[in-house]
Amino acid sequence: MDEAKRMEEGFTTPHKGELKQEIEKTNGGDSIEHDRDTRSNQEGESVQQIVEQEQPLVKQKTRRVATLDAFRGLTIVLMVLVDDAGGAYPRIDHSPWNGCTLADFVMPFFLFIVGVAIALALKRITKVKDAVKKIILRTLKLLFWGILLQGGYSHAPDDLSYGVDMRFIRWCGILQRIALVYCVVALIETFTTKLRPSTLKPGHLSIFSAYRWQWLGGFVAFVIYMVTTFSLYVPDWSFVDYNSDKPKRYTVQCGMRGHLGPACNAVGYVDRQVWGVNHLYSDPVWTRLKACTFSSPAEGPLRKDAPFWCRAPFEPEGLLSSISAILSGTIGIHYGHVLIHFKGHSERLKQWLSMGFVLLILGIILHFTNAIPINKQLYSFSYVCFTAGAAGIVFSVFYLLIDVWGLRTPFLFLEWIGMNAMLVFVMAAQGIFAAFVNGWYYKDPDNSLVYWIQNHVFINVWHSERLGTLLYVIFAEITFWGVVAGILHKLGIYWKL
């Protein structure tokens with residue numbers, strides 16, 4: 001069948017009888033089979049009767065949703081780029097506090113595509129109990145890998161030692177936040193499986209009312225976050241700076257409510273009370289603020305008159321901010337529901353783009369009116385709206401280019417990376433592969449293959465550490481792992497949780 005015709009049909013292929021659609025989660029990606037239209041021309045005839053009476057003559061082959069893999073791959077690529085080149089180009093690194101840079105799109109893009117994938121993976125649930133077990137197991141796996149990679153045990157890629165002092169283990173991180181959002185959103189989707197409609201009622205907002213329980217879950221998360229953020233009293237607090245020559249205790253003066261600055265916000269207070277100040281991220285991005293260093297927005301030595309909180313730890317993936325992040329997953333699952341229920345490309349794009357632009361504009365308005373600044377560290381509501389809107393628009397553009405116009409070849413490397421996202425995240429973004437290579441050095445740990453390639457192939461050739469670092473990240477990391485992921489895809493090898 002001609003590819004263009006398949007695209008025009010919205011991933012469906014005509015056959016005798018009605019059409020059948022099934023979502024199958026495979027190897028870190030998602031597959032779509034063709035949907036059986038449950039509408040009957042005879043009024044009063046049940047859906048079950050139609051299913052029993054009509055069977056497809058030919059079993060339809062499953063097709064992957066290429067846009068999902070490409071979007072997931074884009075998110076991994078952005079993470080590797082900003083993590084490893086952000087030091088050379090501070091403008092793409094995380095915003096020190098208010099505002100949004102390229103790096104600040106990574107986490108909400110992850111959560112958005114997790115939500116989309118949940119909608120497709122849980123399209124049909126035969127046994128709720130079995131589905132819940134799988135969700136809990138996957139959540140525990142994500143938590144395990146998150147603590148192992150970002151809890152302090154791994155010092156990759158530069159430090160070849162391993163191990164963590166349990167007095168300072170970091171309990172939160174990227175995978176831990178994904179685990180929480182995935183668990184909550186997937187459980188709501190699972191427990192409401194019998195309440196889902198087979199067809200939507202007429203009306204533009206019917207897709208929202210059909211999945212009211214998912215939106216209710218997001219609303220509850222929103223209320224918890226907003227009420228806590230603006231009503232919780234934050235008292236004075238103290239911490240010990242272990243980064244100086246001698247450990248020294250500092251006290252930060254607060255005694256206020258509703259503060260959205262670095263020192264006295266409720267997000268940090270909740271994490272200090274729940275996890276303990278010594279278990280938070282010890283190198284927060286706020287150290288790049290002008291109040292902390294003259295090198296802002298780049299890293300640099302602290303000013304002599306820097307406030308005490310510049311030396312304090314802060315958890316960017318903390319508990320309260322992760323509750324707010326549930327909204328990103330809720331918006332993502334809505335996009336997945338649209339993909340399931342709307343068969344035409346124009347209908348899908350109309351739903352996606354309208355919501356994307358509304359969220360984007362709302363986030364901008366909240367930020368520039370100073371009502372709620374866009375802030376990744378706090379995961380503010382304006383940040384949720386702005387980044388989710390951007391994710392929806394980018395997802396729509398990818399869908400138009402890849403699945404409507406058929407321009408799949410230029411995005412194949414993103415698809416490959418997206419199919420093996422966990423592998424590339426661990427090996428590239430967390431530096432595990434680079435640490436393995438660095439372990440084989442000659443005389444000095446700095447004399448390894450990784451450092452030789454960085455210096456002699458990129459930095460020295462271009463006579464620029466900044467440009468050389470950027471090119472190294474693009475070619476020796478992103479392109480390299482794109483090729484590896486492509487080879488693994490051809491071999492049918494995937495790392496899935």
# chains A, B, ... in the order shown; residues from 1 in each chain; ligands from 1
$ select_by_dssp --residues "stretch 51-156 of chain A" --states "strand (DSSP E or B)" --output "number ranges by chain"
A: 63-64, 98-99, 154
$ select_by_dssp --residues "stretch 302-462 of chain A" --states "helix (DSSP H, G or I)" --output "ChimeraX atom specification"
/A:308-311,319-341,345-368,381-404,409-419,421-429,432-438,449-462
$ atom_distance --atom1 "atom CA of A:Pro247" --atom2 "atom CA of A:Met166"
17.7 Å
$ closest_atom_pairs --of "stretch 56-151 of chain A" --to "stretch 447-468 of chain A" --cutoff "10 Å" --atoms "only C-alpha atoms" --output "Markdown table"
| residue | atom | partner | partner_atom | distance |
| --- | --- | --- | --- | --- |
| A:Ala85 | CA | A:Arg466 | CA | 8.1 |
| A:Gly86 | CA | A:Arg466 | CA | 9.8 |
| A:Gly87 | CA | A:Arg466 | CA | 8.7 |
| A:Ala88 | CA | A:Arg466 | CA | 5.1 |
| A:Tyr89 | CA | A:Arg466 | CA | 7.2 |
$ write_last_selection --atoms "C-alpha atoms" --output "mmCIF file, in the first residue's frame"
data_model
loop_
_atom_site.group_PDB
_atom_site.id
_atom_site.type_symbol
_atom_site.label_atom_id
_atom_site.label_comp_id
_atom_site.auth_asym_id
_atom_site.auth_seq_id
_atom_site.Cartn_x
_atom_site.Cartn_y
_atom_site.Cartn_z
ATOM 1 C CA ALA A 85 27.729 21.757 26.257
ATOM 2 C CA GLY A 86 25.844 23.951 28.723
ATOM 3 C CA GLY A 87 29.015 24.772 30.617
ATOM 4 C CA ALA A 88 30.551 26.225 27.462
ATOM 5 C CA TYR A 89 27.331 27.952 26.424
#
$ residues_around --residues "A:Phe71" --least-positions-apart "4" --cutoff "9 Å" --atoms "only C-alpha atoms" --output "ChimeraX atom specification"
/A:66-67,75-76,109,113,394-395,398,414-415,418
$ closest_residue --among "A:Leu470, A:Val185, A:Ala312, A:Cys100" --to "A:Asn375" --atoms "only C-alpha atoms"
A:Cys100
$ closest_residue --among "A:Gly329, A:Gly486, A:Gly406, A:Gly258" --to "A:Phe110" --atoms "only C-alpha atoms"
A:Gly329
$ closest_residue --among "A:Ser244, A:Ser328, A:Gln351, A:Phe368" --to "A:Gly203" --atoms "only C-alpha atoms"
A:Gln351
$ closest_residue --among "A:Cys310, A:Leu423, A:Ala434, A:Val338" --to "A:Lys350" --atoms "only C-alpha atoms"
A:Val338
$ residues_around --residues "A:Tyr233" --least-positions-apart "2" --cutoff "7 Å" --atoms "only C-alpha atoms" --output "count of residues only"
5
$ closest_residue --among "A:Asp236, A:Glu189, A:Glu317, A:Asp444" --to "A:Gln253" --atoms "only C-alpha atoms"
A:Asp236
$ residues_around --residues "stretch 407-413 of chain A" --least-positions-apart "5" --cutoff "6 Å" --atoms "only C-alpha atoms" --output "PDB file with N, CA and C atoms, in the first residue's frame"
ATOM      1  N   LEU A 401       5.244  16.687   9.820  1.00  0.00           N
ATOM      2  CA  LEU A 401       6.385  16.396   8.949  1.00  0.00           C
ATOM      3  C   LEU A 401       6.572  14.899   8.716  1.00  0.00           C
ATOM      4  N   ILE A 402       6.484  14.127   9.793  1.00  0.00           N
ATOM      5  CA  ILE A 402       6.839  12.708   9.712  1.00  0.00           C
ATOM      6  C   ILE A 402       5.670  11.837   9.268  1.00  0.00           C
ATOM      7  N   GLY A 482      23.385   7.973  18.135  1.00  0.00           N
ATOM      8  CA  GLY A 482      22.361   7.796  17.123  1.00  0.00           C
ATOM      9  C   GLY A 482      22.662   6.603  16.235  1.00  0.00           C
TER      10      GLY A 482
END
$ closest_residue --among "A:Gly268, A:Ser282, A:Arg196, A:Ala391" --to "A:Val106" --atoms "only C-alpha atoms"
A:Ala391
$ residues_around --residues "stretch 154-161 of chain A" --least-positions-apart "4" --cutoff "6 Å" --atoms "only C-alpha atoms" --output "PyMOL selection string"
chain A and resi 149+431-432+434-435
$ closest_atom_pairs --of "stretch 342-446 of chain A" --to "stretch 284-302 of chain A" --cutoff "12 Å" --atoms "only C-alpha atoms" --output "JSON lines"
{"residue": "A:Asn375", "atom": "CA", "partner": "A:Trp286", "partner_atom": "CA", "distance": 11.5}
{"residue": "A:Lys376", "atom": "CA", "partner": "A:Val285", "partner_atom": "CA", "distance": 10.5}
{"residue": "A:Gln377", "atom": "CA", "partner": "A:Val285", "partner_atom": "CA", "distance": 8.6}
{"residue": "A:Leu378", "atom": "CA", "partner": "A:Trp286", "partner_atom": "CA", "distance": 11.8}
$ residues_around --residues "A:Asp104" --least-positions-apart "6" --cutoff "12 Å" --atoms "only C-alpha atoms" --output "PyMOL selection string"
chain A and resi 75+78-79+82-83+86+91-98+110+285+316+374-379+383-384+386-388+390-391
$ atom_distance --atom1 "atom CA of A:Val128" --atom2 "atom CA of A:Ile174"
27.8 Å
$ atom_distance --atom1 "atom CA of A:Val483" --atom2 "atom CA of A:Phe112"
25.6 Å
